[in-house]
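Source file: model_11.txt (compact mmCIF, C-alpha atoms and all ligand atoms)
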# COMPACT_ATOMS: atom_id res chain seq x y z
CA MET A 8 0.00 0.00 0.00
CA LYS A 9 1.31 3.47 -0.86
CA PHE A 10 2.35 5.52 2.17
CA VAL A 11 0.50 8.84 2.38
CA PRO A 12 1.36 10.96 5.42
CA GLU A 13 -2.01 12.73 5.34
CA ASN A 14 -3.55 9.38 6.34
CA ILE A 15 -1.78 9.34 9.69
CA VAL A 16 -1.49 13.05 10.50
CA ARG A 17 -3.55 14.32 13.45
CA LYS A 18 -7.00 14.99 12.06
CA SER A 19 -7.28 18.45 13.62
CA LEU A 20 -4.15 19.59 11.78
CA LEU A 21 -5.72 19.05 8.38
CA LYS A 22 -7.80 22.17 9.08
CA VAL A 23 -5.02 24.34 10.56
CA LYS A 24 -3.98 27.32 8.48
CA PRO A 25 -0.35 28.06 9.30
CA TYR A 26 0.75 31.50 10.48
CA SER A 27 1.72 33.49 7.45
CA THR A 28 4.67 35.79 8.12
CA ALA A 29 4.95 39.24 6.58
CA ARG A 30 7.79 37.96 4.40
CA ASP A 31 5.83 34.89 3.27
CA GLU A 32 3.27 37.16 1.69
CA PHE A 33 5.39 39.25 -0.64
CA LYS A 34 7.08 38.05 -3.78
CA GLY A 35 9.58 39.96 -5.87
CA ASN A 36 12.11 42.64 -5.05
CA ALA A 37 11.74 45.42 -2.51
CA SER A 38 14.06 47.73 -0.68
CA ILE A 39 11.71 49.34 1.81
CA PHE A 40 10.32 46.93 4.39
CA LEU A 41 7.44 48.44 6.32
CA ASP A 42 5.52 45.18 6.67
CA ALA A 43 6.74 43.48 9.86
CA ASN A 44 6.83 46.18 12.53
CA GLU A 45 10.58 45.83 12.76
CA ASN A 46 12.82 48.63 13.93
CA PRO A 47 14.36 50.18 10.78
CA TYR A 48 17.68 51.11 12.42
CA ASN A 49 20.47 48.65 11.82
CA THR A 50 21.63 46.60 14.81
CA ASP A 51 22.65 43.65 12.55
CA PHE A 52 19.60 41.83 13.94
CA ASN A 53 16.75 44.31 13.56
CA ARG A 54 15.16 42.17 10.80
CA TYR A 55 13.36 38.87 11.39
CA PRO A 56 15.23 35.77 10.22
CA ASP A 57 14.31 33.92 7.02
CA PRO A 58 11.44 31.68 8.22
CA ARG A 59 12.29 29.12 5.51
CA GLN A 60 16.08 29.16 6.01
CA SER A 61 16.42 29.04 2.20
CA LYS A 62 20.19 29.64 1.96
CA LEU A 63 21.03 27.21 4.72
CA LYS A 64 18.80 24.50 3.25
CA GLU A 65 20.36 25.06 -0.18
CA ALA A 66 23.84 24.53 1.28
CA ILE A 67 22.82 21.46 3.29
CA ALA A 68 21.01 20.00 0.27
CA GLN A 69 24.13 20.35 -1.82
CA LEU A 70 26.39 18.76 0.78
CA LYS A 71 24.01 15.86 1.46
CA ASN A 72 22.78 15.37 -2.09
CA VAL A 73 19.08 15.83 -1.31
CA ARG A 74 16.56 18.47 -2.38
CA PRO A 75 15.98 21.54 -0.16
CA GLN A 76 12.29 20.56 -0.05
CA GLN A 77 13.28 17.36 1.78
CA ILE A 78 14.78 19.33 4.68
CA ILE A 79 13.39 20.79 7.90
CA ILE A 80 15.65 22.67 10.29
CA GLY A 81 14.79 22.71 13.97
CA ASN A 82 15.96 24.55 17.06
CA GLY A 83 17.98 21.42 17.85
CA SER A 84 16.86 17.93 16.79
CA ASP A 85 14.79 18.10 19.94
CA GLU A 86 12.40 20.54 18.26
CA ILE A 87 11.96 18.20 15.28
CA ILE A 88 11.24 15.25 17.59
CA ASP A 89 8.55 17.34 19.25
CA LEU A 90 7.10 18.48 15.91
CA LEU A 91 6.91 14.87 14.70
CA ILE A 92 5.01 13.74 17.77
CA ARG A 93 2.65 16.71 17.66
CA ALA A 94 2.03 16.29 13.93
CA PHE A 95 1.34 12.56 13.86
CA CYS A 96 0.25 11.40 17.32
CA GLU A 97 -3.23 11.99 18.69
CA PRO A 98 -2.82 12.68 22.46
CA ALA A 99 -4.35 10.02 24.73
CA VAL A 100 -4.95 7.75 21.73
CA ASP A 101 -1.78 7.06 19.76
CA ASN A 102 1.54 5.62 20.88
CA ILE A 103 5.17 5.60 19.80
CA ILE A 104 7.62 2.67 19.82
CA VAL A 105 11.01 3.34 21.38
CA PRO A 106 13.36 0.33 21.63
CA GLN A 107 15.46 0.71 24.79
CA PRO A 108 17.98 1.76 25.87
CA THR A 109 18.25 4.90 23.75
CA TYR A 110 18.20 8.70 23.77
CA GLY A 111 15.74 10.06 26.32
CA MET A 112 14.10 12.89 24.38
CA TYR A 113 11.73 10.66 22.36
CA THR A 114 9.96 9.49 25.50
CA VAL A 115 10.09 12.91 27.20
CA CYS A 116 8.49 14.62 24.17
CA ALA A 117 5.85 11.91 23.94
CA ALA A 118 5.05 12.14 27.65
CA ILE A 119 4.70 15.94 27.49
CA ASN A 120 2.26 15.50 24.60
CA ASN A 121 0.29 12.80 26.44
CA VAL A 122 1.29 10.21 23.88
CA ALA A 123 1.86 6.66 25.20
CA ILE A 124 5.27 5.03 24.89
CA ARG A 125 5.95 1.36 24.11
CA GLN A 126 9.44 0.30 25.11
CA PRO A 127 10.57 -3.07 23.77
CA GLN A 128 14.20 -3.90 24.58
CA LEU A 129 17.11 -4.01 22.20
CA ASN A 130 18.96 -7.34 22.22
CA ALA A 131 22.13 -8.01 24.23
CA ASP A 132 24.25 -6.42 21.46
CA PHE A 133 22.03 -3.30 21.58
CA ASP A 134 20.68 -4.22 18.15
CA LEU A 135 17.02 -4.42 17.08
CA ASP A 136 14.95 -7.36 18.29
CA LEU A 137 12.33 -7.38 15.53
CA SER A 138 9.96 -9.81 17.18
CA SER A 139 9.73 -7.83 20.43
CA ILE A 140 9.22 -4.63 18.42
CA GLU A 141 6.46 -6.27 16.38
CA LYS A 142 4.75 -7.42 19.55
CA SER A 143 4.67 -3.88 20.92
CA ILE A 144 3.03 -2.42 17.78
CA ASP A 145 -0.74 -1.96 17.58
CA VAL A 146 -3.13 0.01 15.33
CA ASN A 147 -2.44 3.21 17.27
CA SER A 148 1.34 3.02 16.88
CA LYS A 149 2.36 5.99 14.75
CA ILE A 150 6.13 6.43 15.02
CA ILE A 151 9.08 4.11 15.70
CA PHE A 152 12.12 5.99 16.99
CA LEU A 153 15.49 4.37 16.20
CA CYS A 154 18.91 5.80 16.90
CA SER A 155 21.95 4.73 14.87
CA PRO A 156 24.68 4.93 16.06
CA ASN A 157 22.70 4.45 19.24
CA ASN A 158 23.08 6.60 22.32
CA PRO A 159 24.21 5.40 24.94
CA SER A 160 25.60 2.18 23.41
CA GLY A 161 27.48 3.64 20.40
CA ASN A 162 26.68 0.82 17.93
CA LEU A 163 25.06 1.06 14.52
CA LEU A 164 21.76 -0.78 14.13
CA GLU A 165 21.82 -3.56 11.57
CA GLU A 166 20.74 -2.03 8.25
CA GLU A 167 18.66 -4.99 7.09
CA LYS A 168 16.59 -4.88 10.27
CA VAL A 169 15.97 -1.16 9.88
CA TYR A 170 14.80 -1.75 6.29
CA ALA A 171 12.57 -4.58 7.45
CA LEU A 172 10.87 -2.21 9.91
CA VAL A 173 10.59 0.69 7.47
CA ASN A 174 9.08 -1.60 4.87
CA SER A 175 6.58 -3.32 7.15
CA PHE A 176 5.47 -0.54 9.53
CA PRO A 177 2.46 1.49 8.32
CA GLY A 178 3.49 4.58 10.31
CA LEU A 179 6.72 6.59 10.35
CA VAL A 180 10.18 5.31 11.16
CA VAL A 181 12.61 7.91 12.49
CA VAL A 182 16.32 7.11 12.34
CA ASP A 183 18.28 9.53 14.52
CA GLU A 184 21.76 9.84 13.02
CA ALA A 185 23.15 12.42 15.43
CA TYR A 186 26.49 10.56 15.46
CA ILE A 187 26.64 9.37 11.84
CA ASP A 188 29.76 11.42 10.99
CA PHE A 189 31.76 9.30 13.45
CA ALA A 190 30.58 6.02 11.91
CA ASN A 191 32.03 3.95 9.07
CA THR A 192 28.85 4.23 6.98
CA ASN A 193 26.89 7.01 5.29
CA GLY A 194 23.64 6.03 6.98
CA PHE A 195 20.23 6.04 5.34
CA LEU A 196 20.12 9.42 3.59
CA SER A 197 20.69 8.01 0.11
CA LYS A 198 17.60 5.78 0.53
CA LEU A 199 15.22 8.64 1.27
CA ASP A 200 13.64 8.79 -2.20
CA ASN A 201 12.63 5.12 -2.03
CA LEU A 202 11.31 5.07 1.53
CA PRO A 203 8.36 7.47 1.89
CA ASN A 204 7.83 6.76 5.62
CA LEU A 205 11.47 7.27 6.65
CA ILE A 206 12.66 10.34 8.53
CA ILE A 207 16.33 10.93 9.24
CA LEU A 208 17.56 13.27 11.95
CA GLN A 209 21.02 14.77 12.00
CA THR A 210 22.41 17.67 13.99
CA PHE A 211 25.04 20.40 14.10
CA SER A 212 25.57 19.60 17.80
CA LYS A 213 28.13 16.80 17.64
CA ALA A 214 30.51 16.41 14.65
CA TRP A 215 30.07 20.06 13.63
CA GLY A 216 30.88 21.24 17.14
CA LEU A 217 27.97 23.71 17.23
CA ALA A 218 25.75 22.47 20.07
CA GLY A 219 25.33 26.02 21.33
CA LEU A 220 23.65 27.16 18.10
CA ARG A 221 20.79 24.65 18.49
CA LEU A 222 20.43 23.34 14.94
CA GLY A 223 18.91 19.97 14.12
CA VAL A 224 18.17 18.81 10.58
CA GLY A 225 15.35 16.49 9.54
CA TYR A 226 15.23 14.77 6.14
CA ALA A 227 12.07 13.21 4.75
CA SER A 228 9.72 13.17 1.78
CA GLU A 229 8.38 16.55 0.68
CA ALA A 230 4.91 15.52 1.86
CA ILE A 231 6.15 14.93 5.42
CA ILE A 232 8.27 18.11 5.41
CA ASP A 233 5.22 20.12 4.25
CA ILE A 234 3.25 18.92 7.26
CA LEU A 235 6.06 19.76 9.69
CA ASN A 236 6.54 23.20 8.11
CA LYS A 237 2.88 23.87 8.69
CA ILE A 238 3.19 23.52 12.46
CA LYS A 239 6.71 24.76 13.18
CA PRO A 240 7.10 28.17 14.83
CA PRO A 241 7.65 30.54 11.89
CA TYR A 242 10.94 32.04 13.08
CA ASN A 243 12.35 28.97 14.83
CA ILE A 244 15.92 29.45 13.60
CA ASN A 245 17.52 32.76 14.50
CA THR A 246 19.62 34.83 12.10
CA LEU A 247 22.92 34.25 13.89
CA SER A 248 22.52 30.45 13.83
CA GLN A 249 21.65 30.50 10.12
CA GLN A 250 24.70 32.64 9.27
CA TYR A 251 27.04 30.68 11.47
CA ALA A 252 25.95 27.29 10.13
CA LEU A 253 26.35 28.52 6.54
CA ALA A 254 29.90 29.59 7.30
CA ALA A 255 30.62 26.22 8.94
CA LEU A 256 29.30 24.35 5.89
CA GLU A 257 31.70 26.30 3.69
CA LYS A 258 34.53 24.98 5.87
CA ASN A 259 33.41 21.38 5.76
CA TYR A 260 37.06 20.24 5.78
CA GLN A 261 37.42 21.55 9.35
CA LYS A 262 34.63 19.28 10.49
CA GLU A 263 36.25 16.35 8.69
CA GLU A 264 39.53 17.07 10.47
CA THR A 265 38.06 17.14 13.98
CA VAL A 266 35.97 14.06 13.26
CA ASN A 267 39.06 12.15 12.11
CA SER A 268 41.06 13.12 15.17
CA LEU A 269 38.17 12.24 17.50
CA ILE A 270 37.88 8.81 15.86
CA GLN A 271 41.60 8.29 16.43
CA GLU A 272 41.26 9.38 20.05
CA ARG A 273 38.31 7.02 20.46
CA THR A 274 40.47 4.08 19.35
CA GLU A 275 43.24 5.14 21.72
CA MET A 276 40.87 5.63 24.65
CA GLU A 277 39.27 2.24 24.02
CA LYS A 278 42.69 0.57 24.13
CA GLN A 279 43.73 2.39 27.33
CA LEU A 280 40.46 1.60 29.09
CA GLN A 281 40.66 -2.08 28.21
CA GLU A 282 43.96 -2.31 30.04
CA LEU A 283 42.43 -1.23 33.36
CA ASN A 284 41.31 -3.97 35.72
CA ILE A 285 38.38 -1.84 37.00
CA VAL A 286 37.03 -1.98 33.43
CA GLN A 287 35.04 -5.09 32.52
CA ARG A 288 34.03 -4.21 28.99
CA VAL A 289 34.32 -1.39 26.48
CA PHE A 290 31.47 -1.64 23.99
CA PRO A 291 32.48 -1.09 20.34
CA SER A 292 31.55 2.44 19.31
CA GLN A 293 30.79 4.22 16.04
CA ALA A 294 30.16 7.51 17.86
CA ASN A 295 32.17 10.10 19.82
CA PHE A 296 31.68 8.30 23.12
CA LEU A 297 32.29 4.91 24.69
CA LEU A 298 29.95 2.87 26.83
CA VAL A 299 32.12 1.22 29.47
CA ARG A 300 31.12 -1.49 31.94
CA MET A 301 32.97 -0.95 35.20
CA ASP A 302 33.39 -3.10 38.30
CA ASP A 303 31.40 -0.48 40.25
CA ALA A 304 30.04 2.37 38.12
CA LYS A 305 28.69 4.51 40.99
CA ALA A 306 31.98 4.42 42.92
CA ARG A 307 34.05 5.18 39.80
CA TYR A 308 31.68 7.97 38.79
CA ASN A 309 31.99 9.60 42.21
CA TYR A 310 35.75 9.19 42.22
CA LEU A 311 36.07 10.90 38.82
CA LEU A 312 33.71 13.64 39.94
CA SER A 313 35.85 14.32 43.01
CA HIS A 314 38.77 14.77 40.61
CA GLY A 315 36.89 17.26 38.46
CA ILE A 316 36.02 14.84 35.65
CA ILE A 317 32.38 14.37 34.76
CA VAL A 318 31.18 11.36 32.80
CA ARG A 319 27.63 10.06 32.41
CA ASP A 320 26.45 7.39 34.80
CA ARG A 321 24.12 5.13 32.80
CA SER A 322 24.07 2.30 35.33
CA SER A 323 20.35 2.65 36.05
CA VAL A 324 19.44 2.22 32.35
CA VAL A 325 18.23 -1.16 31.01
CA LEU A 326 21.06 -3.37 29.69
CA CYS A 327 23.58 -0.86 31.05
CA ASP A 328 24.31 -2.27 34.53
CA ASN A 329 27.47 -0.68 35.92
CA CYS A 330 28.00 1.31 32.75
CA LEU A 331 29.47 4.77 32.33
CA ARG A 332 29.19 6.69 29.08
CA ILE A 333 32.39 8.58 28.41
CA THR A 334 32.63 11.28 25.73
CA VAL A 335 35.85 11.41 23.73
CA GLY A 336 37.54 14.74 24.53
CA THR A 337 40.82 16.36 23.55
CA PRO A 338 43.99 14.26 23.86
CA THR A 339 44.84 16.16 27.08
CA GLU A 340 41.41 15.55 28.58
CA ASN A 341 41.49 11.87 27.64
CA LYS A 342 44.92 11.44 29.20
CA ALA A 343 43.68 13.06 32.42
CA LEU A 344 40.73 10.64 32.49
CA ILE A 345 42.93 7.58 31.97
CA GLN A 346 45.46 8.78 34.54
CA ALA A 347 42.73 9.38 37.12
CA LEU A 348 41.35 5.87 36.55
CA LYS A 349 44.85 4.36 36.77
CA ASN A 350 45.33 6.03 40.15
CA ILE A 351 42.40 4.16 41.68
C1 LIG A 401 23.02 14.70 21.11
C2 LIG A 401 21.90 14.03 20.43
C3 LIG A 401 21.04 14.74 19.60
C4 LIG A 401 21.23 16.20 19.36
O1 LIG A 401 20.16 16.94 19.75
P1 LIG A 401 20.16 18.50 19.41
O2 LIG A 401 18.85 18.93 19.95
O3 LIG A 401 20.26 18.62 17.92
O4 LIG A 401 21.33 19.11 20.10
C5 LIG A 401 20.02 14.08 18.95
N1 LIG A 401 19.87 12.75 19.09
C6 LIG A 401 20.70 12.03 19.86
C7 LIG A 401 20.52 10.58 19.96
C8 LIG A 401 21.72 12.64 20.56
O5 LIG A 401 22.52 11.91 21.36
Show the structure stored in the file as C-alpha cells.
Amino acid sequence: MKFVPENIVRKSLLKVKPYSTARDEFKGNASIFLDANENPYNTDFNRYPDPRQSKLKEAIAQLKNVRPQQIIIGNGSDEIIDLLIRAFCEPAVDNIIVPQPTYGMYTVCAAINNVAIRQPQLNADFDLDLSSIEKSIDVNSKIIFLCSPNNPSGNLLEEEKVYALVNSFPGLVVVDEAYIDFANTNGFLSKLDNLPNLIILQTFSKAWGLAGLRLGVGYASEAIIDILNKIKPPYNINTLSQQYALAALEKNYQKEETVNSLIQERTEMEKQLQELNIVQRVFPSQANFLLVRMDDAKARYNYLLSHGIIVRDRSSVVLCDNCLRITVGTPTENKALIQALKNI
C-alpha cells in the first residue's frame, strides 16, 4: 500500500492554516520593508530571520545530495522530535515505539504531549529485536524511533533490520543519526527517495561542534516536510545560527579534520580503558563516546567527579548495569581521564 502521510497526520491539523509571516506574503524585489513592525535602524539583527532558512537548506542540500524541499531545520533535533510527535500522534490515543535503551528525548516529548510510549528492549548487542518490536506495535502506533549509532551504546543498528521495519510498519520510522559522521557508513540518507515513511535526523551539535547554536536537521519526503513546516514556529531558527551554520558548511574540511582526530582518540581511549582492571568491557563504538562497563560504576563515577572529571552514569538504564558513558575529549582531557582511573 502506498504511504500517504495525510492518512496518519492528526485529524485536527488538516484544518489548521499556518501563520503566514509578513515575508511569506510578498514576492519579488523590494528595498523598503514596512511590513513586519521591525525597527528600521540597523543593529545587525533588527530584521526577522528567514522563516524558511532558504540559503542554509540550499547549502545542506548540496552537501548531502538531497533536495531543499526534503529538509526541515529545527531549534535542535529536539524541536523536530517534538514536531513529529505533535504532527502525527493523537494525544491520549496514539503511541510511539522506542526500543530501549536509547536517547531520552523521544519518551520525554511523547510524555509531554500525552502520547503513550511502548518500550521493547534491544537485544544483548544493543541491536534491534524485531519480534519484540512487532509485539509492541498496535493500530495506534504511529512512530518508531530508532537511533543509529545508538546513544548510549554507540553501535550502529543492523541495516537490514531497519529496512525490514521501514518496509513493514504502516506509520513513520525515524532514524536519529546524530552521530553518523563518526561512523564507518553514510547512513540512510541516500535511501530517502525510495522510503516514503522514513525520517532521518542529524544535527550540528556533535561532529560540527555547534551544540550552542541549536540546529537539528530532519530529512524526509516533501509531503512529510510540508506537514512539519505547517506547524513549526515561523521564526524557529535565529539569524545568527543560520549565518554561522552557513559559514561552517563552507569549511566542511574543518569538520572532517576534527571528526578524524576524534575517531583516532576514540580508538586510543578504548585501548587504554581495556587495560584497566576496573574496566570489565568497552562496547564497540561508532560515535564520539564509549559505553564502558565498570566493576562499580557509581563508585568510579563519584571518584572521577571528586577529581573534576564528569562522565555520564548510565548504570540505572536497562542493559547498562554498571556502565558509564564517556565522551571522547581532547587528547589532554582523555589522558587526564585515563590517569585518574589508573590512580584508583
Ligand atoms: C546529542 C543528540 C542529539 C542532538 O540533539 P540537538 O537537539 O540537535 O542538540 C540528537 N539525538 C541524539 C541521539 C543525541 O545523542
Å distance separating atom CA of A:Val181 from atom CA of A:Ser322, one decimal place: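 For atom CA of A:Val181 relative to atom CA of A:Ser322, the distance reads 26.2 Å.
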Site check for ligand LIG 401 (chain A): residues at most 8 Å away, all atoms listed in the file, as a ChimeraX atom specification: /A:81-86,109-112,154-155,157-159,183-186,208-213,218,221-224
Nearest to A:Ile87 by atom-to-atom distance, counting only C-alpha atoms, from A:Gln249, A:Cys116, A:Asp302, A:Pro241: A:Cys116
d(atom CA of A:Leu298, atom CA of A:Arg332) in Å: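 Between atom CA of A:Leu298 and atom CA of A:Arg332 the gap is 4.5 Å.
Here atom CA of A:Leu235 and atom CA of A:Leu70 stand 22.2 Å from one another.
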Minimum-distance residue to A:Leu63, chosen among A:Arg321, A:Glu263, A:Asn245, A:Asn193 (using only C-alpha atoms):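 Smallest separation from A:Leu63 among the options: A:Asn245.
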Exercise: A:Ile345 partners within 10 Å, all atoms listed in the file, chain neighbours under 2 positions left out, as a ChimeraX atom specification: /A:276,279-280,283,340-343,347-350
Polymer residues at most 9 Å from A:Asn174, all atoms listed in the file, same-chain spacing of 4 or more positions, as a VMD selection string: chain A and resid 169 to 170 202 204
Counting all atoms listed in the file, the residue of A:Ile39, A:Leu326, A:Ile351, A:Ile285 that sits nearest A:Leu311: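 Residue with the minimum atom-to-atom distance to A:Leu311: A:Ile351.
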Nearest-residue call for A:Leu199, choices A:Lys71, A:Arg54, A:Arg30, A:Arg59, using all atoms listed in the file: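 Ranking A:Lys71, A:Arg54, A:Arg30, A:Arg59 by distance to A:Leu199, first place goes to A:Lys71.
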Given only C-alpha atoms as the counted atoms, nearest of A:Ile92, A:Val16, A:Leu135, A:Ile232 to A:Glu165: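 Nearest candidate to A:Glu165 out of A:Ile92, A:Val16, A:Leu135, A:Ile232: A:Leu135.
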Shell around A:Lys305 at 12 Å using all atoms listed in the file, local window under 5 positions removed, as number ranges by chain: A: 300, 310-312, 318-323, 328-331
Among the residues A:Ile104, A:Leu344, A:Ile244, A:Val73, the one that comes closest to A:Asp200 [using all atoms listed in the file]: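 So, comparing all the options, the nearest one is A:Val73.
Non-sequential neighbours of A:Ala254 (distance at most 12 Å, separation of 4 or more positions within a chain, all atoms listed in the file) are Lys62, Leu63, Ala66, Ile67, Trp215, Leu217, Leu247, Ser248, Gln249, Gln250, Lys258, Asn259, Tyr260, Gln261 and Lys262 of chain A.
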Axis-aligned box for all listed atoms of stretch 75-89 of chain A, 4 Å per side, centre and edges in Å to one decimal, as JSON:
{"center_x": 13.3, "center_y": 19.9, "center_z": 9.9, "size_x": 17.4, "size_y": 17.3, "size_z": 28.1}
I want to know what sits within 12 Å of A:Val122, based on all atoms listed in the file, with residues of the same chain fewer than 3 positions away left out; could you give that as an mmCIF file with C-alpha atoms, in the frame of the given file?
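Result saved to result_29.cif:
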data_model
loop_
_atom_site.group_PDB
_atom_site.id
_atom_site.type_symbol
_atom_site.label_atom_id
_atom_site.label_comp_id
_atom_site.auth_asym_id
_atom_site.auth_seq_id
_atom_site.Cartn_x
_atom_site.Cartn_y
_atom_site.Cartn_z
ATOM 1 C CA ASP A 89 8.550 17.340 19.250
ATOM 2 C CA LEU A 91 6.910 14.870 14.700
ATOM 3 C CA ILE A 92 5.010 13.740 17.770
ATOM 4 C CA ARG A 93 2.650 16.710 17.660
ATOM 5 C CA ALA A 94 2.030 16.290 13.930
ATOM 6 C CA PHE A 95 1.340 12.560 13.860
ATOM 7 C CA CYS A 96 0.250 11.400 17.320
ATOM 8 C CA GLU A 97 -3.230 11.990 18.690
ATOM 9 C CA PRO A 98 -2.820 12.680 22.460
ATOM 10 C CA ALA A 99 -4.350 10.020 24.730
ATOM 11 C CA VAL A 100 -4.950 7.750 21.730
ATOM 12 C CA ASP A 101 -1.780 7.060 19.760
ATOM 13 C CA ASN A 102 1.540 5.620 20.880
ATOM 14 C CA ILE A 103 5.170 5.600 19.800
ATOM 15 C CA ILE A 104 7.620 2.670 19.820
ATOM 16 C CA TYR A 113 11.730 10.660 22.360
ATOM 17 C CA THR A 114 9.960 9.490 25.500
ATOM 18 C CA VAL A 115 10.090 12.910 27.200
ATOM 19 C CA CYS A 116 8.490 14.620 24.170
ATOM 20 C CA ALA A 117 5.850 11.910 23.940
ATOM 21 C CA ALA A 118 5.050 12.140 27.650
ATOM 22 C CA ILE A 119 4.700 15.940 27.490
ATOM 23 C CA ARG A 125 5.950 1.360 24.110
ATOM 24 C CA ASN A 147 -2.440 3.210 17.270
ATOM 25 C CA SER A 148 1.340 3.020 16.880
ATOM 26 C CA LYS A 149 2.360 5.990 14.750
ATOM 27 C CA ILE A 150 6.130 6.430 15.020
#
Taking the partial coordinates given, rebuild stretch 334-341 of chain A to contain all heavy atoms; return it as a PDB file, keeping the file's coordinate frame.
ATOM      1  N   THR A 334      32.435  10.548  26.985  1.00  0.00           N
ATOM      2  CA  THR A 334      32.630  11.280  25.730  1.00  0.00           C
ATOM      3  C   THR A 334      34.114  11.379  25.424  1.00  0.00           C
ATOM      4  O   THR A 334      34.920  11.584  26.326  1.00  0.00           O
ATOM      5  CB  THR A 334      32.041  12.704  25.855  1.00  0.00           C
ATOM      6  OG1 THR A 334      30.678  12.610  26.273  1.00  0.00           O
ATOM      7  CG2 THR A 334      32.116  13.453  24.534  1.00  0.00           C
ATOM      8  N   VAL A 335      34.458  11.231  24.154  1.00  0.00           N
ATOM      9  CA  VAL A 335      35.850  11.410  23.730  1.00  0.00           C
ATOM     10  C   VAL A 335      36.151  12.911  23.708  1.00  0.00           C
ATOM     11  O   VAL A 335      35.454  13.681  23.053  1.00  0.00           O
ATOM     12  CB  VAL A 335      36.079  10.808  22.324  1.00  0.00           C
ATOM     13  CG1 VAL A 335      37.518  11.029  21.878  1.00  0.00           C
ATOM     14  CG2 VAL A 335      35.733   9.319  22.326  1.00  0.00           C
ATOM     15  N   GLY A 336      37.180  13.320  24.459  1.00  0.00           N
ATOM     16  CA  GLY A 336      37.540  14.740  24.530  1.00  0.00           C
ATOM     17  C   GLY A 336      38.819  15.017  23.764  1.00  0.00           C
ATOM     18  O   GLY A 336      39.169  14.292  22.823  1.00  0.00           O
ATOM     19  N   THR A 337      39.520  16.063  24.151  1.00  0.00           N
ATOM     20  CA  THR A 337      40.820  16.360  23.550  1.00  0.00           C
ATOM     21  C   THR A 337      41.832  15.338  24.063  1.00  0.00           C
ATOM     22  O   THR A 337      41.603  14.705  25.098  1.00  0.00           O
ATOM     23  CB  THR A 337      41.316  17.761  23.949  1.00  0.00           C
ATOM     24  OG1 THR A 337      41.537  17.771  25.364  1.00  0.00           O
ATOM     25  CG2 THR A 337      40.306  18.839  23.569  1.00  0.00           C
ATOM     26  N   PRO A 338      42.967  15.180  23.372  1.00  0.00           N
ATOM     27  CA  PRO A 338      43.990  14.260  23.860  1.00  0.00           C
ATOM     28  C   PRO A 338      44.366  14.540  25.320  1.00  0.00           C
ATOM     29  O   PRO A 338      44.513  13.596  26.114  1.00  0.00           O
ATOM     30  CB  PRO A 338      45.170  14.505  22.916  1.00  0.00           C
ATOM     31  CG  PRO A 338      44.539  14.949  21.639  1.00  0.00           C
ATOM     32  CD  PRO A 338      43.337  15.748  22.054  1.00  0.00           C
ATOM     33  N   THR A 339      44.494  15.792  25.695  1.00  0.00           N
ATOM     34  CA  THR A 339      44.840  16.160  27.080  1.00  0.00           C
ATOM     35  C   THR A 339      43.759  15.702  28.061  1.00  0.00           C
ATOM     36  O   THR A 339      44.054  15.138  29.117  1.00  0.00           O
ATOM     37  CB  THR A 339      45.014  17.694  27.192  1.00  0.00           C
ATOM     38  OG1 THR A 339      45.802  18.146  26.098  1.00  0.00           O
ATOM     39  CG2 THR A 339      45.657  18.078  28.507  1.00  0.00           C
ATOM     40  N   GLU A 340      42.520  15.950  27.704  1.00  0.00           N
ATOM     41  CA  GLU A 340      41.410  15.550  28.580  1.00  0.00           C
ATOM     42  C   GLU A 340      41.350  14.030  28.727  1.00  0.00           C
ATOM     43  O   GLU A 340      41.132  13.493  29.818  1.00  0.00           O
ATOM     44  CB  GLU A 340      40.082  16.071  28.014  1.00  0.00           C
ATOM     45  CG  GLU A 340      39.933  17.575  28.105  1.00  0.00           C
ATOM     46  CD  GLU A 340      38.712  18.103  27.347  1.00  0.00           C
ATOM     47  OE1 GLU A 340      38.297  17.473  26.350  1.00  0.00           O
ATOM     48  OE2 GLU A 340      38.187  19.146  27.752  1.00  0.00           O
ATOM     49  N   ASN A 341      41.570  13.335  27.608  1.00  0.00           N
ATOM     50  CA  ASN A 341      41.490  11.870  27.640  1.00  0.00           C
ATOM     51  C   ASN A 341      42.627  11.277  28.479  1.00  0.00           C
ATOM     52  O   ASN A 341      42.430  10.306  29.205  1.00  0.00           O
ATOM     53  CB  ASN A 341      41.510  11.312  26.221  1.00  0.00           C
ATOM     54  CG  ASN A 341      40.380  11.884  25.375  1.00  0.00           C
ATOM     55  OD1 ASN A 341      39.356  12.310  25.912  1.00  0.00           O
ATOM     56  ND2 ASN A 341      40.571  11.920  24.069  1.00  0.00           N
TER      57      ASN A 341
END
